[in-house]
file work_17.cif (mmCIF, C-alpha atoms)
data_work
#
loop_
_atom_site.label_atom_id
_atom_site.label_comp_id
_atom_site.auth_asym_id
_atom_site.auth_seq_id
_atom_site.Cartn_x
_atom_site.Cartn_y
_atom_site.Cartn_z
CA MET I 1 82.03 108.40 102.74
CA ALA I 2 84.55 111.21 102.50
CA GLN I 3 82.50 113.62 104.59
CA LEU I 4 82.71 111.24 107.53
CA LEU I 5 86.45 111.62 107.89
CA ALA I 6 87.02 113.89 110.84
CA ALA I 7 90.60 112.98 111.61
CA GLN I 8 93.55 111.18 110.12
CA ASP I 9 92.80 108.14 112.29
CA GLU I 10 89.44 107.82 110.59
CA THR I 11 91.15 107.91 107.23
CA ALA I 12 93.34 105.07 108.48
CA ASP I 13 90.19 103.24 109.64
CA LEU I 14 89.03 103.01 106.04
CA PHE I 15 91.98 100.68 105.63
CA THR I 16 91.40 98.45 108.63
CA VAL I 17 88.91 95.59 108.60
CA ARG I 18 87.10 95.07 111.92
CA LEU I 19 84.41 92.44 112.35
CA ASN I 20 82.83 90.57 115.19
CA ARG I 21 80.57 87.54 115.55
CA GLN I 22 78.63 85.85 118.29
CA ILE I 23 79.28 82.13 118.02
CA ALA I 24 77.51 79.44 120.02
CA ALA I 25 80.68 77.61 121.02
CA SER I 26 83.37 77.98 123.66
CA PRO I 27 86.43 80.17 123.05
CA GLU I 28 88.55 77.01 123.17
CA ARG I 29 86.65 75.36 120.32
CA ILE I 30 86.88 78.53 118.26
CA PHE I 31 90.59 78.79 118.93
CA ASP I 32 91.05 75.15 117.89
CA ALA I 33 89.08 75.69 114.68
CA TRP I 34 91.63 78.37 113.72
CA THR I 35 94.70 76.32 114.57
CA ASP I 36 93.81 72.87 113.22
CA ALA I 37 94.40 72.21 109.52
CA ASP I 38 91.47 69.80 109.11
CA ALA I 39 89.11 72.27 110.73
CA LEU I 40 90.45 75.19 108.66
CA ALA I 41 89.89 73.21 105.47
CA LYS I 42 86.23 72.86 106.41
CA TRP I 43 85.33 76.48 107.10
CA TRP I 44 87.97 78.86 105.64
CA GLY I 45 86.73 81.06 102.82
CA PRO I 46 83.45 82.70 101.89
CA LYS I 47 80.23 80.87 101.04
CA GLY I 48 80.58 78.53 98.08
CA PHE I 49 84.36 78.19 98.41
CA THR I 50 86.07 74.89 99.11
CA ASN I 51 89.65 74.30 100.22
CA LYS I 52 91.98 72.20 98.17
CA SER I 53 94.57 72.13 100.93
CA ALA I 54 95.20 73.62 104.35
CA ALA I 55 98.28 73.43 106.53
CA ILE I 56 99.23 75.19 109.73
CA ASP I 57 102.17 74.80 112.07
CA ALA I 58 100.40 76.14 115.12
CA ARG I 59 103.20 77.79 117.07
CA PRO I 60 104.79 81.23 116.92
CA GLY I 61 106.84 81.45 113.73
CA GLY I 62 105.01 78.47 112.19
CA ALA I 63 103.77 78.70 108.61
CA PHE I 64 100.22 78.42 107.37
CA GLU I 65 99.01 78.01 103.83
CA ILE I 66 95.54 77.47 102.45
CA THR I 67 94.53 77.01 98.84
CA MET I 68 90.91 77.91 98.25
CA VAL I 69 88.82 77.11 95.21
CA SER I 70 86.14 79.65 94.32
CA PRO I 71 82.66 78.59 93.14
CA ASP I 72 83.81 79.17 89.54
CA GLY I 73 86.89 76.97 90.02
CA ARG I 74 89.60 79.59 90.46
CA GLU I 75 92.33 78.79 92.95
CA THR I 76 93.44 81.38 95.48
CA ARG I 77 96.29 80.88 97.87
CA MET I 78 96.58 82.58 101.23
CA ALA I 79 99.73 82.05 103.26
CA GLY I 80 101.68 83.55 106.09
CA ILE I 81 103.00 82.83 109.53
CA VAL I 82 101.61 82.46 113.03
CA LEU I 83 102.85 85.37 115.13
CA GLU I 84 101.29 84.70 118.50
CA LEU I 85 99.03 82.14 120.15
CA ASP I 86 97.45 82.35 123.57
CA ARG I 87 94.74 79.69 123.84
CA PRO I 88 91.95 80.58 123.81
CA ARG I 89 92.26 84.36 124.04
CA LEU I 90 94.39 85.40 121.08
CA ILE I 91 95.61 84.38 117.65
CA ARG I 92 97.76 86.69 115.59
CA LEU I 93 98.61 85.84 112.00
CA GLU I 94 100.74 87.58 109.43
CA ILE I 95 99.39 87.23 105.92
CA ARG I 96 102.25 87.38 103.46
CA HIS I 97 100.67 86.53 100.17
CA ARG I 98 97.36 87.48 98.81
CA GLN I 99 96.13 86.59 95.41
CA PHE I 100 92.71 88.07 95.17
CA GLU I 101 91.42 89.18 91.84
CA GLY I 102 93.43 92.18 90.69
CA ALA I 103 96.38 91.12 92.81
CA ALA I 104 98.78 92.25 90.10
CA GLU I 105 98.27 95.79 91.36
CA ALA I 106 97.96 94.79 95.02
CA PRO I 107 99.70 97.39 97.16
CA GLY I 108 102.81 95.91 98.68
CA GLY I 109 101.95 92.55 97.21
CA PHE I 110 104.63 90.82 99.23
CA ILE I 111 104.49 92.95 102.35
CA PRO I 112 102.76 91.43 105.39
CA THR I 113 99.48 92.54 106.89
CA HIS I 114 98.22 91.42 110.30
CA VAL I 115 95.13 89.53 111.40
CA GLU I 116 94.19 89.40 115.06
CA ILE I 117 91.49 87.04 116.36
CA ARG I 118 90.18 87.43 119.90
CA PRO I 119 87.56 85.02 121.21
CA THR I 120 85.93 86.26 124.44
CA GLU I 121 83.51 84.18 126.46
CA GLU I 122 80.09 85.69 127.01
CA ALA I 123 76.60 84.50 127.84
CA GLY I 124 75.55 81.73 125.48
CA GLY I 125 78.88 81.37 123.71
CA THR I 126 81.70 83.52 122.47
CA ARG I 127 82.19 86.90 120.91
CA LEU I 128 84.90 86.73 118.28
CA ASP I 129 86.62 89.97 117.29
CA LEU I 130 88.68 90.03 114.13
CA THR I 131 90.95 92.89 113.06
CA HIS I 132 92.88 92.88 109.81
CA SER I 133 95.27 95.81 109.67
CA GLY I 134 98.60 97.00 108.40
CA PHE I 135 97.67 97.89 104.83
CA LEU I 136 98.95 101.45 105.10
CA GLU I 137 101.93 100.53 107.26
CA ALA I 138 102.79 97.92 104.66
CA ALA I 139 103.01 100.64 102.07
CA GLN I 140 105.48 102.77 103.99
CA PRO I 141 108.06 104.01 103.35
CA ALA I 142 107.26 104.80 99.76
CA GLY I 143 110.45 103.36 98.34
CA PHE I 144 110.30 100.14 100.30
CA THR I 145 107.66 98.38 98.27
CA GLU I 146 109.30 99.26 95.02
CA GLY I 147 112.59 98.04 96.46
CA TRP I 148 111.16 94.66 97.34
CA GLN I 149 109.36 94.41 94.04
CA GLY I 150 112.67 95.10 92.35
CA SER I 151 114.32 92.33 94.37
CA PHE I 152 111.63 89.85 93.45
CA ASP I 153 111.90 90.82 89.79
CA ARG I 154 115.64 90.22 89.93
CA LEU I 155 115.18 86.92 91.72
CA GLU I 156 112.76 85.80 89.04
CA THR I 157 115.17 86.82 86.32
CA LEU I 158 117.95 84.95 88.08
CA LEU I 159 115.85 81.82 88.44
CA ALA I 160 114.69 82.02 84.86
CA ALA I 161 118.30 82.19 83.66
CA ALA I 162 119.48 79.31 85.83
CA MET K 1 93.48 105.45 88.04
CA PRO K 2 96.86 105.80 89.83
CA SER K 3 98.44 102.67 91.26
CA LEU K 4 97.18 101.46 94.62
CA ASP K 5 100.77 101.35 95.81
CA ALA K 6 100.97 105.11 95.32
CA VAL K 7 97.67 105.65 97.11
CA PHE K 8 98.56 103.46 100.08
CA SER K 9 102.04 104.97 100.38
CA ALA K 10 100.57 108.46 100.29
CA LEU K 11 98.13 107.59 103.07
CA ALA K 12 100.74 105.86 105.21
CA ASP K 13 101.85 109.30 106.44
CA PRO K 14 99.86 110.88 109.31
CA VAL K 15 100.27 114.46 108.04
CA ARG K 16 98.91 113.46 104.64
CA ARG K 17 96.03 111.53 106.26
CA ASP K 18 95.20 114.65 108.22
CA ILE K 19 95.21 116.74 105.04
CA VAL K 20 92.86 114.21 103.42
CA ALA K 21 90.55 114.29 106.46
CA ARG K 22 90.43 118.11 106.36
CA LEU K 23 89.72 118.13 102.64
CA SER K 24 86.88 115.67 103.17
CA ARG K 25 85.07 118.54 104.90
CA GLY K 26 85.56 120.83 101.91
CA ASP K 27 88.08 122.35 99.51
CA ALA K 28 90.77 124.52 101.04
CA PRO K 29 93.50 126.96 100.00
CA VAL K 30 97.04 125.67 100.42
CA ALA K 31 97.73 128.22 103.18
CA ASP K 32 94.80 126.94 105.26
CA LEU K 33 95.98 123.37 104.93
CA ALA K 34 99.44 124.31 106.11
CA ALA K 35 98.21 126.32 109.14
CA PRO K 36 97.71 123.50 111.70
CA PHE K 37 101.13 122.00 111.07
CA ASP K 38 104.43 123.12 112.45
CA ILE K 39 106.20 122.36 109.21
CA SER K 40 107.58 124.53 106.45
CA PRO K 41 105.60 125.57 103.36
CA PRO K 42 107.95 123.58 101.10
CA ALA K 43 107.27 120.48 103.21
CA ILE K 44 103.51 120.97 102.88
CA SER K 45 104.01 121.45 99.18
CA ARG K 46 105.86 118.13 98.99
CA HIS K 47 103.06 116.37 100.87
CA LEU K 48 100.52 117.85 98.46
CA LYS K 49 102.59 116.69 95.50
CA VAL K 50 102.60 113.13 96.86
CA LEU K 51 98.82 113.26 97.33
CA GLU K 52 98.36 114.74 93.87
CA ARG K 53 100.54 112.10 92.21
CA ALA K 54 98.54 109.41 94.01
CA GLY K 55 95.38 110.93 92.55
CA LEU K 56 93.97 111.76 95.98
CA VAL K 57 93.81 115.53 95.52
CA ARG K 58 93.74 118.02 92.69
CA ARG K 59 94.91 121.63 92.64
CA GLU K 60 93.34 124.44 90.76
CA THR K 61 93.54 128.19 90.75
CA ARG K 62 90.37 130.05 91.66
CA ALA K 63 90.27 133.82 92.02
CA GLN K 64 94.07 133.76 92.05
CA GLN K 65 94.14 131.37 94.98
CA ARG K 66 95.50 127.89 94.81
CA ILE K 67 92.74 125.60 96.00
CA ILE K 68 93.14 121.94 96.88
CA SER K 69 90.24 119.53 96.62
CA LEU K 70 89.84 115.87 97.45
CA ARG K 71 89.25 113.24 94.79
CA PRO K 72 87.07 110.86 96.83
CA GLU K 73 86.87 108.34 94.00
CA THR K 74 90.55 107.48 94.52
CA LEU K 75 90.07 107.08 98.26
CA LYS K 76 87.10 104.84 97.57
CA HIS K 77 89.02 102.77 95.02
CA ALA K 78 91.68 102.04 97.64
CA SER K 79 89.27 101.34 100.49
CA ASP K 80 87.29 99.05 98.16
CA TRP K 81 90.44 97.02 97.73
CA VAL K 82 90.70 96.51 101.49
CA ASP K 83 86.97 95.75 101.54
CA GLN K 84 87.69 92.54 99.63
CA TYR K 85 89.07 91.32 102.93
CA ARG K 86 85.98 92.50 104.79
CA VAL K 87 83.85 90.40 102.44
CA PHE K 88 86.28 87.50 102.72
CA TRP K 89 86.32 87.48 106.54
CA ASP K 90 82.61 88.12 106.84
CA GLY K 91 81.91 85.06 104.73
CA SER K 92 84.54 82.98 106.50
CA LEU K 93 83.20 83.82 109.96
CA ASP K 94 79.71 82.80 108.82
CA ARG K 95 81.11 79.45 107.79
CA LEU K 96 83.12 79.14 111.00
CA ALA K 97 79.91 79.63 113.01
CA THR K 98 78.10 77.03 110.89
CA PHE K 99 81.02 74.63 111.12
CA LEU K 100 81.14 74.84 114.92
CA ASP K 101 77.39 74.37 115.08
CA GLY K 102 77.61 71.17 113.04
CA ASP K 103 80.62 70.02 114.99
CA GLU K 104 78.68 70.42 118.21
CA ALA K 105 75.87 68.27 116.83
CA ASP K 106 78.40 65.59 115.82
CA ARG K 107 79.89 65.45 119.25
CA HIS K 108 76.58 65.45 121.06
CA PRO K 109 74.17 63.39 119.01
CA THR K 110 70.56 64.24 119.69
CA THR K 111 69.22 62.32 122.63
CA SER K 112 65.68 61.93 123.87
CA ASP K 113 66.06 64.71 126.46
CA ASP K 114 67.64 67.17 123.97
CA HIS K 115 64.39 68.84 122.95
CA HIS K 116 65.25 72.40 123.93
CA SER K 117 67.49 73.11 120.97
CA LYS K 118 68.85 76.53 120.14
CA GLU K 119 66.62 79.10 118.50
CA ASP K 120 69.36 80.74 116.44
#
call {"tool": "encode", "arguments": {"input": "work_17.cif", "output": "structure tokens"}}
result
Amino acid sequence: MAQLLAAQDETADLFTVRLNRQIAASPERIFDAWTDADALAKWWGPKGFTNKSAAIDARPGGAFEITMVSPDGRETRMAGIVLELDRPRLIRLEIRHRQFEGAAEAPGGFIPTHVEIRPTEEAGGTRLDLTHSGFLEAAQPAGFTEGWQGSFDRLETLLAAA
Amino acid sequence: MPSLDAVFSALADPVRRDIVARLSRGDAPVADLAAPFDISPPAISRHLKVLERAGLVRRETRAQQRIISLRPETLKHASDWVDQYRVFWDGSLDRLATFLDGDEADRHPTTSDDHHSKED
């Protein structure tokens, strides 16, 4: 892996998720599947997962929150806000909480990362491009994460004392 | 293993990413690493300290030269963390495709002239 890094941008690319899919449906139906809570509850999450709850306020600034249940019964919550919607071309989400396994050491555990979904019509259906980025940006500047973590620690202490 | 926060913070800087990219092609003396940048030796030294603290590089002295080498295992540890999302989205998009397929069938129940169904 390391030998492939020719430039700093490629180092950054190690920390950006880019995927695409051909889907036999119109861009509109794909867009709607991302912005409708009932639909999200049916498909969100990897194979074997189910969703205990899903909610989305499908407008810029609106919140979304999904609680998944893994095949072995563990609950995982993903939440954030809708940044931008342009049916059917673009959906941008900010993911603010992630609670994957090992999340205790998640970099910038409370700092947002960005997911961009672009459905584009093509012969026989739609090409969906997904980009999940911002992991490195979320970590900068160095002191910022620690600062927020400190604030959350204090908030917790405050709430515990109340 | 150093904290992922330290690794991600270290890599959030373009100069440090460039140093990592150069080291991925082989070990290098400090002076060589500093050459492409228009910044002072103390500044380069600070960047190297950040990378070293994050566990991304190590320094050693060979033939009286200070040599910097990459610790790819740390880079991999951090990119593996991001890869959890790759796995997550990959699986989710599979299910999205399946869901829309089923949805289509629900909306358009099979009729007698619907023989030419999709191959994929």
call {"tool": "resolve_selection", "arguments": {"input": "work_17.cif", "expression": "the PyMOL selection byres ((chain K) within 7 of (chain I))", "output": "list in words"}}
result
Ser3, Leu4, Asp5, Phe8, Ser9, Leu11, Ala12, Pro14, Arg17, Asp18, Ala21, Ser24, Arg25, Pro72, Ser79, Val82, Arg86, Phe88, Gly91, Ser92, Arg95, Leu96, Ala97, Phe99 and Leu100 of chain K
call {"tool": "resolve_selection", "arguments": {"input": "work_17.cif", "expression": "the PyMOL selection byres ((chain K and resi 32-35) around 10)", "output": "list of chain:residue names"}}
result
K:Asp18, K:Ile19, K:Val20, K:Arg22, K:Leu23, K:Asp27, K:Ala28, K:Pro29, K:Val30, K:Ala31, K:Pro36, K:Phe37, K:Asp38, K:Ile39, K:Ser40, K:Pro41, K:Pro42, K:Ala43, K:Ile44, K:Ser45, K:Leu48, K:Ile67, K:Ile68
call {"tool": "atom_distance", "arguments": {"input": "work_17.cif", "atom1": "CA of Asp38 in chain I", "atom2": "CA of Glu116 in chain I"}}
result
20.7 Å
call {"tool": "resolve_selection", "arguments": {"input": "work_17.cif", "expression": "the PyMOL selection byres ((chain I and resi 112) around 6)", "output": "PyMOL selection string"}}
result
chain I and resi 94-96+111+113
call {"tool": "write_last_selection", "arguments": {"input": "work_17.cif", "atoms": "C-alpha atoms", "output": "CSV table (one decimal), keeping the file's coordinate frame"}}
result
chain,number,residue,atom,x,y,z
I,94,GLU,CA,100.7,87.6,109.4
I,95,ILE,CA,99.4,87.2,105.9
I,96,ARG,CA,102.2,87.4,103.5
I,111,ILE,CA,104.5,93.0,102.4
I,113,THR,CA,99.5,92.5,106.9
call {"tool": "residues_around", "arguments": {"input": "work_17.cif", "residues": "Asp32 in chain I", "least_positions_apart": "5", "cutoff": "9 Å", "atoms": "all atoms listed in the file", "output": "MDAnalysis selection string"}}
result
chainID I and resid 27 39 87:88
call {"tool": "atom_distance", "arguments": {"input": "work_17.cif", "atom1": "CA of Gly61 in chain I", "atom2": "CA of Arg92 in chain I"}}
result
10.6 Å
call {"tool": "axis_aligned_box", "arguments": {"input": "work_17.cif", "around": "range 45-59 of chain K", "padding_each_side": "5 Å", "output": "JSON"}}
result
{"center_x": 99.8, "center_y": 115.5, "center_z": 96.5, "size_x": 22.1, "size_y": 22.2, "size_z": 18.7}
call {"tool": "closest_residue", "arguments": {"input": "work_17.cif", "among": "K:Arg66, K:Thr74, K:Trp89, K:Arg58", "to": "Ala6 in chain K", "atoms": "all atoms listed in the file"}}
result
K:Thr74
